[in-house]
Amino acid sequence: MDMNEVIEKIKDILASEGKNTKDIDVANALGINANTFAQMKFRNKVPYKEVMDFLSKKDISINLFFYNQELGDEDKRYKVLRMFDVKASLGGGAWNDDEEYEEVIMDKKIVNRFEKSNCSQSYPIDIISAMGESMEPYICDGDLCMIAVGMPFKDGNVYAINTPDGVVIKECYK
């Protein structure tokens, strides 16, 4: 898609909101200086970051804007999970004062397979790193573990548990 097509599509979006539809209005909507915008138009340089920020603010799908293609919920391929910068001990507990995390994107098929094999309904899933050797060969030191947060207890399942001695991963029984 070239710059003129992008401009025309943004003008259509602005016009549907009852706003002006000149090039300067597009530049303002994208947060770009009018002179810079004119140079980008002349050079046919699409400001992708600014366009994507604009689409995000307007809650417009990038696929719909660039490819005239809307994804249904069943077609969305990815799920965002939280991967915590903490360790869960496979032995005596791990202290984690800092619970920072980063968001990671995983293929929804992997997440769905995990959910279906472990529980009958969907629970939020977080990822934590294991440390220790007491659960080998099933869980090894450094493995990333997917944790279904809030899943009901069932004898013999493996759980990550926050104890007074720290976070542990163990096979649990009542």
# chains A, B, ... in the order shown; residues from 1 in each chain; ligands from 1
$ residues_around --residues "Gly132 in chain A" --least-positions-apart "6" --cutoff "6 Å" --atoms "only C-alpha atoms" --output "NGL selection string"
:A and (89-90 or 141)
$ select_by_dssp --residues "range 39-164 of chain A" --states "strand (DSSP E)" --output "PyMOL selection string"
chain A and resi 78-89+101-107+125-131+144-148+158-163
$ closest_residue --among "A:Asn35, A:Ala88, A:Ser56, A:Ile24" --to "Thr163 in chain A" --atoms "only C-alpha atoms"
A:Ala88
$ atom_distance --atom1 "CA of Pro164 in chain A" --atom2 "CA of Gly91 in chain A"
13.8 Å
$ residues_around --residues "Tyr173 in chain A" --least-positions-apart "4" --cutoff "12 Å" --atoms "only C-alpha atoms" --output "list of chain:residue names"
A:Phe153, A:Lys154, A:Asp155, A:Gly156, A:Asn157, A:Val158, A:Tyr159
$ residues_around --residues "Lys79 in chain A" --least-positions-apart "4" --cutoff "12 Å" --atoms "only C-alpha atoms" --output "PDB file with C-alpha atoms, in the first residue's frame"
ATOM      1  CA  ASP A  73     -12.209 -14.532  17.336  1.00  0.00           C
ATOM      2  CA  GLU A  74     -11.744 -18.127  16.195  1.00  0.00           C
ATOM      3  CA  ASP A  75      -9.073 -17.063  13.703  1.00  0.00           C
ATOM      4  CA  GLU A 103       4.413 -10.233  27.992  1.00  0.00           C
ATOM      5  CA  VAL A 104       5.138 -13.073  25.595  1.00  0.00           C
ATOM      6  CA  ILE A 105       3.118 -14.066  22.570  1.00  0.00           C
ATOM      7  CA  MET A 106       2.348 -17.740  22.047  1.00  0.00           C
ATOM      8  CA  ASP A 107       0.469 -19.580  19.359  1.00  0.00           C
ATOM      9  CA  LYS A 108      -3.049 -20.166  20.649  1.00  0.00           C
ATOM     10  CA  LYS A 109      -2.900 -23.839  19.602  1.00  0.00           C
ATOM     11  CA  ILE A 110      -0.156 -24.495  22.164  1.00  0.00           C
ATOM     12  CA  VAL A 111      -2.048 -22.684  24.911  1.00  0.00           C
ATOM     13  CA  ASN A 112      -5.309 -24.470  24.047  1.00  0.00           C
ATOM     14  CA  PRO A 124      -5.329 -17.410  33.114  1.00  0.00           C
ATOM     15  CA  ILE A 125      -1.896 -18.833  32.332  1.00  0.00           C
ATOM     16  CA  ASP A 126       1.396 -17.435  33.607  1.00  0.00           C
TER      17      ASP A 126
END
$ atom_distance --atom1 "CA of Val51 in chain A" --atom2 "CA of Leu81 in chain A"
25.8 Å
$ closest_residue --among "A:Thr21, A:Ile13, A:Val168, A:Met52" --to "Ser134 in chain A" --atoms "only C-alpha atoms"
A:Val168
$ closest_residue --among "A:Glu171, A:Asp85, A:Asp25, A:Glu99" --to "Ile10 in chain A" --atoms "only C-alpha atoms"
A:Asp25
$ residues_around --residues "Lys41 in chain A" --least-positions-apart "5" --cutoff "10 Å" --atoms "only C-alpha atoms" --output "number ranges by chain"
A: 2-4, 6-7, 23, 35-36, 46-47
$ write_last_selection --atoms "C-alpha atoms" --output "short mmCIF file (atom, residue, chain, number, x, y, z; two decimals), in the first residue's frame"
data_model
loop_
_atom_site.label_atom_id
_atom_site.label_comp_id
_atom_site.auth_asym_id
_atom_site.auth_seq_id
_atom_site.Cartn_x
_atom_site.Cartn_y
_atom_site.Cartn_z
CA ASP A 2 1.45 3.38 -0.94
CA MET A 3 1.25 6.64 0.97
CA ASN A 4 -1.66 8.02 -1.08
CA VAL A 6 -2.98 5.24 3.37
CA ILE A 7 -3.93 8.92 3.36
CA ASP A 23 -3.89 16.20 4.29
CA ASN A 35 5.95 19.84 6.62
CA THR A 36 7.34 16.44 7.54
CA VAL A 46 4.39 5.49 4.84
CA PRO A 47 4.77 6.32 8.57
#
$ select_by_dssp --residues "range 2-165 of chain A" --states "helix (DSSP H, G or I)" --output "tab-separated table (two decimals) with C-alpha atoms, in the first residue's frame"
chain	number	residue	atom	x	y	z
A	3	MET	CA	1.25	6.64	0.97
A	4	ASN	CA	-1.66	8.02	-1.08
A	5	GLU	CA	-3.77	4.94	-0.33
A	6	VAL	CA	-2.98	5.24	3.37
A	7	ILE	CA	-3.93	8.92	3.36
A	8	GLU	CA	-7.23	8.21	1.59
A	9	LYS	CA	-8.15	5.46	4.07
A	10	ILE	CA	-7.36	7.70	7.03
A	11	LYS	CA	-9.40	10.50	5.44
A	12	ASP	CA	-12.33	8.04	5.16
A	13	ILE	CA	-11.99	7.19	8.87
A	14	LEU	CA	-11.87	10.87	9.84
A	15	ALA	CA	-14.82	11.71	7.55
A	16	SER	CA	-16.91	8.94	9.16
A	23	ASP	CA	-3.89	16.20	4.29
A	24	ILE	CA	-3.17	18.47	7.25
A	25	ASP	CA	-5.94	16.75	9.21
A	26	VAL	CA	-4.37	13.38	8.49
A	27	ALA	CA	-0.98	14.73	9.61
A	28	ASN	CA	-2.55	16.02	12.85
A	29	ALA	CA	-4.36	12.72	13.43
A	30	LEU	CA	-1.05	10.88	13.06
A	34	ALA	CA	2.65	19.17	8.45
A	35	ASN	CA	5.95	19.84	6.62
A	36	THR	CA	7.34	16.44	7.54
A	37	PHE	CA	4.08	14.85	6.41
A	38	ALA	CA	4.27	16.64	3.04
A	39	GLN	CA	7.83	15.34	2.55
A	40	MET	CA	6.72	11.79	3.44
A	41	LYS	CA	3.89	12.06	0.93
A	42	PHE	CA	6.26	13.34	-1.78
A	43	ARG	CA	8.71	10.48	-1.10
A	48	TYR	CA	3.84	2.81	9.73
A	49	LYS	CA	4.40	3.37	13.45
A	50	GLU	CA	2.21	6.47	13.51
A	51	VAL	CA	-0.47	4.76	11.40
A	52	MET	CA	-0.50	1.75	13.73
A	53	ASP	CA	-0.70	4.02	16.79
A	54	PHE	CA	-3.62	5.84	15.16
A	55	LEU	CA	-5.38	2.54	14.35
A	56	SER	CA	-4.82	1.31	17.88
A	57	LYS	CA	-6.38	4.47	19.36
A	62	ILE	CA	-4.43	-3.49	11.20
A	63	ASN	CA	-5.48	-6.42	8.99
A	64	LEU	CA	-8.71	-4.66	8.11
A	65	PHE	CA	-6.92	-1.38	7.33
A	66	PHE	CA	-4.04	-2.75	5.26
A	67	TYR	CA	-5.53	-5.95	3.80
A	73	ASP	CA	-12.21	-14.53	17.34
A	74	GLU	CA	-11.74	-18.13	16.19
A	75	ASP	CA	-9.07	-17.06	13.70
A	108	LYS	CA	-3.05	-20.17	20.65
A	109	LYS	CA	-2.90	-23.84	19.60
A	110	ILE	CA	-0.16	-24.50	22.16
A	111	VAL	CA	-2.05	-22.68	24.91
A	112	ASN	CA	-5.31	-24.47	24.05
A	113	ARG	CA	-3.58	-27.86	24.10
A	114	PHE	CA	-2.18	-27.09	27.56
A	115	GLU	CA	-5.59	-25.92	28.82
A	116	LYS	CA	-7.48	-28.95	27.46
A	117	SER	CA	-5.00	-31.47	28.80
A	118	ASN	CA	-5.00	-30.04	32.31
$ closest_residue --among "A:Asn44, A:Asn33, A:Asn162, A:Asn68" --to "Val86 in chain A" --atoms "only C-alpha atoms"
A:Asn162
$ atom_distance --atom1 "CA of Ser129 in chain A" --atom2 "CA of Gly142 in chain A"
5.9 Å
